[in-house]
file protein_12.cif (mmCIF, C-alpha atoms)
data_target
#
loop_
_atom_site.label_atom_id
_atom_site.label_comp_id
_atom_site.auth_asym_id
_atom_site.auth_seq_id
_atom_site.Cartn_x
_atom_site.Cartn_y
_atom_site.Cartn_z
CA MET Q 1 -36.60 22.76 -23.20
CA PRO Q 2 -36.00 20.53 -20.10
CA THR Q 3 -34.25 22.24 -17.20
CA ASN Q 4 -31.29 19.84 -17.27
CA THR Q 5 -30.75 20.64 -20.92
CA LEU Q 6 -30.71 24.33 -20.09
CA VAL Q 7 -28.17 23.95 -17.31
CA ARG Q 8 -25.95 21.78 -19.52
CA ALA Q 9 -26.05 24.46 -22.20
CA ALA Q 10 -25.33 27.14 -19.62
CA ALA Q 11 -22.32 25.16 -18.37
CA VAL Q 12 -20.82 24.98 -21.85
CA ILE Q 13 -21.38 28.69 -22.45
CA ILE Q 14 -19.86 29.66 -19.10
CA ALA Q 15 -16.82 27.45 -19.71
CA LEU Q 16 -16.21 29.05 -23.11
CA LEU Q 17 -16.68 32.57 -21.73
CA MET Q 18 -14.15 31.84 -18.99
CA GLN Q 19 -11.61 30.70 -21.56
CA LEU Q 20 -12.18 33.81 -23.66
CA ALA Q 21 -12.05 36.14 -20.66
CA MET Q 22 -8.65 34.81 -19.64
CA GLY Q 23 -7.25 34.73 -23.15
CA ALA Q 24 -6.94 30.96 -23.03
CA TRP Q 25 -8.75 30.19 -26.28
CA THR Q 26 -6.24 29.27 -28.96
CA GLY Q 27 -8.27 26.97 -31.18
CA MET Q 28 -5.66 24.25 -30.61
CA PRO Q 29 -6.00 21.16 -28.42
CA LYS Q 30 -4.78 21.74 -24.88
CA SER Q 31 -2.52 19.46 -22.88
CA GLU Q 32 -4.07 17.12 -20.37
CA PRO Q 33 -3.84 18.76 -16.94
CA TRP Q 34 -6.57 16.46 -15.62
CA MET Q 35 -4.01 13.63 -15.73
CA THR Q 36 -1.65 15.45 -13.35
CA LEU Q 37 -1.59 16.17 -9.64
CA PRO Q 38 0.24 19.48 -9.15
CA PRO Q 39 2.21 19.98 -5.93
CA THR Q 40 0.33 20.96 -2.80
CA PRO Q 41 0.58 24.75 -2.47
CA VAL Q 42 1.93 26.60 0.57
CA LEU Q 43 -0.26 28.99 2.51
CA PRO Q 44 0.94 32.62 2.71
CA GLN Q 45 1.72 34.34 5.99
CA ALA Q 46 -1.42 34.38 8.13
CA THR Q 47 -2.89 37.38 9.89
CA GLN Q 48 -3.97 35.04 12.68
CA SER Q 49 -3.70 31.30 13.26
CA GLY Q 50 -4.11 28.79 16.04
CA LEU Q 51 -6.02 25.86 17.46
CA ALA Q 52 -9.65 26.58 18.32
CA PRO Q 53 -11.40 24.46 20.98
CA VAL Q 54 -14.54 23.29 19.18
CA ASN Q 55 -16.87 20.38 19.99
CA GLY Q 56 -14.33 18.69 22.24
CA ILE Q 57 -11.48 18.82 19.70
CA LYS Q 58 -9.00 21.39 18.44
CA ILE Q 59 -9.55 22.87 14.98
CA TRP Q 60 -6.53 24.44 13.29
CA TYR Q 61 -7.33 27.62 11.42
CA ALA Q 62 -5.65 30.60 9.80
CA THR Q 63 -7.05 33.93 8.66
CA PHE Q 64 -5.76 36.21 5.91
CA GLY Q 65 -6.65 39.71 4.73
CA SER Q 66 -9.70 41.72 5.73
CA GLY Q 67 -13.21 42.37 4.49
CA ALA Q 68 -16.26 40.15 4.07
CA PRO Q 69 -15.48 36.66 5.45
CA VAL Q 70 -14.89 33.72 3.10
CA ILE Q 71 -14.34 30.24 4.57
CA LEU Q 72 -12.38 27.67 2.54
CA LEU Q 73 -13.24 24.02 3.23
CA HIS Q 74 -10.91 21.37 1.80
CA GLY Q 75 -11.70 17.85 0.61
CA GLY Q 76 -11.47 14.55 2.44
CA LEU Q 77 -7.94 13.38 3.42
CA ALA Q 78 -6.51 16.80 2.49
CA ASN Q 79 -5.73 19.91 4.55
CA ALA Q 80 -5.98 23.69 4.34
CA ASN Q 81 -2.64 24.01 2.51
CA TYR Q 82 -4.37 22.92 -0.70
CA TRP Q 83 -6.01 26.35 -0.81
CA GLY Q 84 -2.71 28.25 -0.97
CA VAL Q 85 -3.25 29.68 -4.46
CA GLN Q 86 -6.86 30.65 -3.73
CA VAL Q 87 -5.89 32.37 -0.46
CA ARG Q 88 -3.39 34.55 -2.34
CA ALA Q 89 -6.05 35.48 -4.88
CA LEU Q 90 -8.73 36.31 -2.28
CA GLU Q 91 -6.86 37.92 0.62
CA PRO Q 92 -6.51 41.37 -1.02
CA HIS Q 93 -10.32 41.64 -1.06
CA TYR Q 94 -11.74 39.42 1.69
CA ARG Q 95 -11.13 38.09 5.17
CA VAL Q 96 -10.20 34.52 4.23
CA ILE Q 97 -10.47 31.73 6.79
CA ALA Q 98 -8.80 28.40 6.03
CA MET Q 99 -9.30 25.50 8.42
CA ASP Q 100 -8.32 21.86 8.74
CA SER Q 101 -11.40 19.67 9.17
CA ARG Q 102 -11.48 17.49 12.27
CA GLY Q 103 -8.81 14.79 12.15
CA HIS Q 104 -7.32 16.34 9.00
CA GLY Q 105 -4.10 18.29 8.80
CA ARG Q 106 -3.25 19.89 12.13
CA SER Q 107 -6.70 19.41 13.70
CA SER Q 108 -7.38 16.73 16.29
CA ARG Q 109 -10.30 14.32 16.49
CA ASN Q 110 -12.10 12.27 19.11
CA ALA Q 111 -14.04 9.02 19.10
CA GLN Q 112 -17.12 10.47 17.38
CA PRO Q 113 -17.71 8.92 13.94
CA TYR Q 114 -17.07 11.26 11.04
CA GLY Q 115 -20.15 12.84 9.53
CA TYR Q 116 -20.99 15.92 7.49
CA ASP Q 117 -23.42 17.27 10.08
CA LEU Q 118 -20.69 16.98 12.73
CA MET Q 119 -18.08 18.69 10.58
CA ALA Q 120 -20.58 21.42 9.68
CA SER Q 121 -21.03 22.04 13.41
CA ASP Q 122 -17.23 22.41 13.66
CA VAL Q 123 -17.38 25.19 11.08
CA LEU Q 124 -20.09 26.95 13.08
CA GLY Q 125 -18.05 26.58 16.25
CA LEU Q 126 -15.04 28.19 14.61
CA MET Q 127 -17.22 30.99 13.22
CA ASP Q 128 -18.54 31.63 16.73
CA MET Q 129 -15.03 31.75 18.17
CA LEU Q 130 -13.97 34.23 15.49
CA HIS Q 131 -17.19 36.28 15.96
CA ILE Q 132 -18.31 35.70 12.38
CA LYS Q 133 -22.07 35.96 12.00
CA LYS Q 134 -22.24 35.13 8.29
CA ALA Q 135 -19.75 33.98 5.69
CA ALA Q 136 -19.45 32.70 2.17
CA VAL Q 137 -18.18 29.13 1.84
CA ILE Q 138 -15.91 27.86 -0.93
CA GLY Q 139 -15.84 24.08 -0.64
CA TRP Q 140 -14.08 21.32 -2.49
CA SER Q 141 -15.34 17.70 -2.39
CA ASP Q 142 -16.13 16.90 1.27
CA GLY Q 143 -15.76 20.61 1.98
CA ALA Q 144 -18.40 21.33 -0.65
CA ILE Q 145 -20.75 18.80 0.95
CA ILE Q 146 -20.19 20.46 4.33
CA GLY Q 147 -21.05 23.80 2.69
CA LEU Q 148 -24.31 22.37 1.32
CA ASP Q 149 -25.07 20.84 4.72
CA LEU Q 150 -24.72 24.31 6.23
CA ALA Q 151 -26.96 25.77 3.52
CA ILE Q 152 -29.66 23.23 4.35
CA HIS Q 153 -29.54 23.42 8.14
CA HIS Q 154 -28.01 26.82 8.94
CA PRO Q 155 -28.77 29.21 6.06
CA GLU Q 156 -28.78 32.17 8.45
CA ARG Q 157 -24.99 31.77 8.83
CA LEU Q 158 -24.20 31.87 5.11
CA THR Q 159 -24.10 34.44 2.34
CA GLY Q 160 -23.57 31.74 -0.29
CA VAL Q 161 -21.89 28.43 -1.18
CA PHE Q 162 -19.57 27.63 -4.07
CA ALA Q 163 -19.66 23.83 -4.06
CA PHE Q 164 -16.95 22.26 -6.21
CA ALA Q 165 -16.99 18.48 -6.80
CA ALA Q 166 -19.73 17.64 -4.28
CA ASN Q 167 -22.16 14.73 -4.34
CA SER Q 168 -25.56 14.45 -2.70
CA ASN Q 169 -25.54 10.69 -2.01
CA PRO Q 170 -23.08 7.77 -2.19
CA SER Q 171 -24.30 6.69 -5.63
CA GLY Q 172 -22.93 9.95 -7.05
CA VAL Q 173 -19.33 8.77 -6.58
CA LYS Q 174 -17.26 6.85 -9.11
CA ASP Q 175 -14.77 4.08 -8.26
CA VAL Q 176 -11.73 6.28 -7.56
CA ASN Q 177 -9.53 3.19 -7.25
CA LYS Q 178 -9.44 3.18 -11.06
CA SER Q 179 -7.83 6.61 -11.19
CA PRO Q 180 -4.03 6.95 -11.04
CA VAL Q 181 -4.41 10.64 -10.17
CA PHE Q 182 -6.62 9.85 -7.20
CA ALA Q 183 -4.25 7.05 -6.13
CA ALA Q 184 -1.41 9.57 -6.19
CA PHE Q 185 -3.49 11.94 -4.06
CA ILE Q 186 -4.19 9.26 -1.44
CA ALA Q 187 -0.48 8.39 -1.27
CA ARG Q 188 0.40 12.09 -0.90
CA ALA Q 189 -2.27 12.51 1.76
CA ALA Q 190 -0.62 9.77 3.82
CA LYS Q 191 2.71 11.62 3.81
CA GLU Q 192 1.08 14.95 4.61
CA TYR Q 193 -0.87 13.38 7.44
CA GLU Q 194 2.34 12.02 8.96
CA THR Q 195 3.91 15.48 8.74
CA LEU Q 196 1.01 17.58 10.03
CA SER Q 197 -1.20 15.47 12.26
CA PRO Q 198 -1.04 15.41 16.07
CA THR Q 199 -1.51 11.63 15.66
CA PRO Q 200 0.98 11.03 12.83
CA HIS Q 201 0.92 7.22 12.96
CA ASP Q 202 -2.85 6.80 12.69
CA TYR Q 203 -3.33 7.42 8.97
CA GLN Q 204 -4.71 3.99 8.10
CA ALA Q 205 -7.34 4.19 10.84
CA PHE Q 206 -8.16 7.74 9.74
CA LEU Q 207 -8.47 6.64 6.09
CA ALA Q 208 -10.77 3.76 7.06
CA GLN Q 209 -13.04 6.10 9.00
CA ILE Q 210 -13.25 8.61 6.15
CA GLU Q 211 -13.95 5.85 3.61
CA LYS Q 212 -16.73 4.58 5.87
CA MET Q 213 -18.24 8.08 5.92
CA TRP Q 214 -18.05 8.24 2.14
CA ALA Q 215 -19.79 4.86 1.79
CA THR Q 216 -22.54 5.62 4.31
CA GLN Q 217 -23.12 9.28 3.47
CA PRO Q 218 -26.78 10.08 4.15
CA PHE Q 219 -28.90 11.09 1.20
CA PHE Q 220 -29.88 14.75 1.26
CA ASP Q 221 -31.40 14.85 -2.22
CA ALA Q 222 -34.85 15.84 -0.94
CA ALA Q 223 -33.45 18.71 1.14
CA LEU Q 224 -31.77 20.41 -1.82
CA SER Q 225 -35.01 22.08 -2.87
CA LYS Q 226 -35.16 23.83 0.53
CA ILE Q 227 -31.89 25.72 0.03
CA ARG Q 228 -32.44 29.45 -0.26
CA VAL Q 229 -28.93 30.88 -0.19
CA PRO Q 230 -27.02 31.58 -3.44
CA VAL Q 231 -25.29 28.40 -4.63
CA THR Q 232 -22.99 27.54 -7.50
CA ILE Q 233 -22.66 23.83 -8.19
CA ALA Q 234 -19.31 23.42 -9.90
CA ASP Q 235 -17.23 20.53 -11.17
CA SER Q 236 -14.70 19.72 -13.87
CA ASP Q 237 -15.32 17.94 -17.13
CA HIS Q 238 -12.85 15.15 -16.25
CA ASP Q 239 -13.74 14.59 -12.59
CA GLU Q 240 -12.57 11.07 -11.74
CA ALA Q 241 -14.60 10.93 -8.51
CA ILE Q 242 -18.01 12.52 -9.11
CA LYS Q 243 -20.64 11.36 -11.60
CA ARG Q 244 -21.84 14.13 -13.88
CA GLU Q 245 -25.49 13.14 -13.50
CA ASN Q 246 -25.34 13.84 -9.76
CA THR Q 247 -23.78 17.26 -10.39
CA LEU Q 248 -26.59 18.09 -12.82
CA PHE Q 249 -29.17 16.73 -10.39
CA MET Q 250 -27.99 19.06 -7.61
CA ALA Q 251 -27.90 22.09 -9.87
CA ASP Q 252 -31.41 21.29 -11.07
CA ARG Q 253 -32.86 20.76 -7.58
CA ILE Q 254 -31.41 23.78 -5.74
CA PRO Q 255 -33.58 26.83 -6.46
CA GLY Q 256 -31.68 29.43 -8.45
CA ALA Q 257 -28.44 27.44 -8.43
CA GLU Q 258 -25.87 28.13 -11.11
CA LEU Q 259 -23.99 25.29 -12.77
CA LEU Q 260 -20.35 25.58 -13.77
CA ILE Q 261 -18.24 22.91 -15.49
CA LEU Q 262 -14.52 23.75 -15.66
CA PRO Q 263 -12.94 22.55 -18.93
CA GLY Q 264 -9.78 20.47 -19.06
CA ALA Q 265 -9.56 19.62 -15.36
CA SER Q 266 -10.52 16.95 -12.83
CA HIS Q 267 -11.45 16.57 -9.16
CA PHE Q 268 -8.33 18.65 -8.49
CA GLY Q 269 -9.26 21.42 -10.90
CA PHE Q 270 -8.39 24.21 -8.44
CA LEU Q 271 -4.78 22.94 -8.60
CA GLN Q 272 -4.73 22.00 -12.29
CA ASP Q 273 -6.22 25.25 -13.58
CA PRO Q 274 -6.14 27.73 -10.70
CA GLU Q 275 -6.65 30.71 -13.02
CA ALA Q 276 -10.02 29.40 -14.21
CA PHE Q 277 -11.03 28.31 -10.72
CA ASN Q 278 -10.07 31.65 -9.17
CA PHE Q 279 -11.93 33.51 -11.91
CA ALA Q 280 -15.03 31.46 -11.10
CA ILE Q 281 -14.94 32.01 -7.33
CA ALA Q 282 -14.20 35.72 -7.75
CA HIS Q 283 -17.25 36.01 -10.02
CA PHE Q 284 -19.36 34.11 -7.48
CA LEU Q 285 -18.24 36.18 -4.49
CA ALA Q 286 -18.66 39.50 -6.30
CA LYS Q 287 -22.39 38.84 -6.63
CA LEU Q 288 -22.98 38.15 -2.94
CA PRO Q 289 -24.22 40.83 -0.52
CA HIS Q 290 -21.50 42.27 1.68
CA GLN Q 291 -21.48 40.86 5.19
CA SER Q 292 -19.55 42.24 8.13
CA SER Q 293 -17.26 39.83 9.95
CA LEU Q 294 -18.56 41.16 13.31
#

call {"tool": "encode", "arguments": {"input": "protein_12.cif", "output": "structure tokens"}}
result
Amino acid sequence: MPTNTLVRAAAVIIALLMQLAMGAWTGMPKSEPWMTLPPTPVLPQATQSGLAPVNGIKIWYATFGSGAPVILLHGGLANANYWGVQVRALEPHYRVIAMDSRGHGRSSRNAQPYGYDLMASDVLGLMDMLHIKKAAVIGWSDGAIIGLDLAIHHPERLTGVFAFAANSNPSGVKDVNKSPVFAAFIARAAKEYETLSPTPHDYQAFLAQIEKMWATQPFFDAALSKIRVPVTIADSDHDEAIKRENTLFMADRIPGAELLILPGASHFGFLQDPEAFNFAIAHFLAKLPHQSSL
């Protein structure tokens, strides 16, 4: 049986097992959460927070709980607040680090063009400042791509990557302008940018720069086979931004990668079905070797 067929079958089985494990299987059609954009969560009280001087900019971060370090990397145009539900689920067991990517949320930016290698170096800079030798990364969209970038170029700093809604080249992205949910997200992102950013009136320039990065994203297809850290490639069955064939391609190319397709959700599955998403990341993290945060 071809490998892609096996991973597709595995994805279906995992999705059904997740539903059964959480008591969600009713045999009746579910509503359509993939057509909604739930409110942006609020982060809980942080153990530590601040602005870290990294690569000539200031990266906003917050830490929660204690234990093995887990870094949460949000998607493009968003901010760390989107991880509020996941932070609450993880902080009793892990040292959780949430950060705003450069130019996003409360973090500043400079004149350097946006790029995944650059933003990956920001993560490393924050890890160094916090004296974290190795960490697990949970990434969504651009955050997932940054996690894979780290796995390719800096595997010694990672215990594993849970990559949700990533793509490995620009052709893996759909036309999000056709999605009302994604349009609502972009409109929300503009308001959140105005509220959080140190440059609150620069959203349109910021958006243009991020869209340019999306359109000119370098291909790293060939490098996927070099990844040696544990990876789960995850997405939702109604993702309005990522093409399924690219998700399957990444899962097939990364040695030992697991594939997970969340049922009944979209690019914002961690908001639309946080119970299923949290179950998946807890399962992923539980299998990783413990790493000290010092």

call {"tool": "residues_around", "arguments": {"input": "protein_12.cif", "residues": "stretch 279-289 of chain Q", "least_positions_apart": "5", "cutoff": "8 Å", "atoms": "only C-alpha atoms", "output": "VMD selection string"}}
result
chain Q and resid 18 90 136 138 159 to 160 162 230 232

call {"tool": "write_last_selection", "arguments": {"input": "protein_12.cif", "atoms": "C-alpha atoms", "output": "mmCIF file, in the frame of the given file"}}
result
data_model
loop_
_atom_site.group_PDB
_atom_site.id
_atom_site.type_symbol
_atom_site.label_atom_id
_atom_site.label_comp_id
_atom_site.auth_asym_id
_atom_site.auth_seq_id
_atom_site.Cartn_x
_atom_site.Cartn_y
_atom_site.Cartn_z
ATOM 1 C CA MET Q 18 -14.150 31.840 -18.990
ATOM 2 C CA LEU Q 90 -8.730 36.310 -2.280
ATOM 3 C CA ALA Q 136 -19.450 32.700 2.170
ATOM 4 C CA ILE Q 138 -15.910 27.860 -0.930
ATOM 5 C CA THR Q 159 -24.100 34.440 2.340
ATOM 6 C CA GLY Q 160 -23.570 31.740 -0.290
ATOM 7 C CA PHE Q 162 -19.570 27.630 -4.070
ATOM 8 C CA PRO Q 230 -27.020 31.580 -3.440
ATOM 9 C CA THR Q 232 -22.990 27.540 -7.500
#

call {"tool": "residues_around", "arguments": {"input": "protein_12.cif", "residues": "Q:Asp235", "least_positions_apart": "6", "cutoff": "7 Å", "atoms": "all atoms listed in the file", "output": "number ranges by chain"}}
result
Q: 164-165, 260-262

call {"tool": "closest_residue", "arguments": {"input": "protein_12.cif", "among": "Q:Ala223, Q:Ile152, Q:Ala68, Q:Ala52", "to": "Q:Arg106", "atoms": "only C-alpha atoms"}}
result
Q:Ala52

call {"tool": "closest_residue", "arguments": {"input": "protein_12.cif", "among": "Q:Ala163, Q:Ile145, Q:Gln209, Q:Pro69", "to": "Q:Leu259", "atoms": "all atoms listed in the file"}}
result
Q:Ala163

call {"tool": "atom_distance", "arguments": {"input": "protein_12.cif", "atom1": "atom CA of Q:Gly65", "atom2": "atom CA of Q:Gly84"}}
result
13.4 Å

call {"tool": "atom_distance", "arguments": {"input": "protein_12.cif", "atom1": "atom CA of Q:Ala189", "atom2": "atom CA of Q:Asn79"}}
result
8.6 Å

call {"tool": "resolve_selection", "arguments": {"input": "protein_12.cif", "expression": "the PyMOL selection byres ((chain Q and resi 37-44) around 6)", "output": "list in words"}}
result
Thr36, Gln45, Asn81, Tyr82 and Gly84 of chain Q

call {"tool": "closest_atom_pairs", "arguments": {"input": "protein_12.cif", "of": "stretch 97-192 of chain Q", "to": "stretch 198-207 of chain Q", "cutoff": "12 Å", "atoms": "all atoms listed in the file", "output": "Markdown table"}}
result
| residue | atom | partner | partner_atom | distance |
| --- | --- | --- | --- | --- |
| Q:Arg102 | CA | Q:Phe206 | CA | 10.6 |
| Q:Gly103 | CA | Q:Phe206 | CA | 7.5 |
| Q:His104 | CA | Q:Phe206 | CA | 8.7 |
| Q:Gly105 | CA | Q:Pro198 | CA | 8.4 |
| Q:Arg106 | CA | Q:Pro198 | CA | 6.4 |
| Q:Ser107 | CA | Q:Pro198 | CA | 7.3 |
| Q:Ser108 | CA | Q:Pro198 | CA | 6.5 |
| Q:Arg109 | CA | Q:Thr199 | CA | 9.2 |
| Q:Asn110 | CA | Q:Phe206 | CA | 11.1 |
| Q:Ala111 | CA | Q:Phe206 | CA | 11.1 |
| Q:Pro113 | CA | Q:Phe206 | CA | 10.5 |
| Q:Tyr114 | CA | Q:Phe206 | CA | 9.7 |
| Q:Ile186 | CA | Q:Leu207 | CA | 9.0 |
| Q:Ala187 | CA | Q:Tyr203 | CA | 10.7 |
| Q:Arg188 | CA | Q:Tyr203 | CA | 11.5 |
| Q:Ala189 | CA | Q:Tyr203 | CA | 8.9 |
| Q:Ala190 | CA | Q:Tyr203 | CA | 6.3 |
| Q:Lys191 | CA | Q:Tyr203 | CA | 9.0 |
| Q:Glu192 | CA | Q:Pro200 | CA | 9.1 |
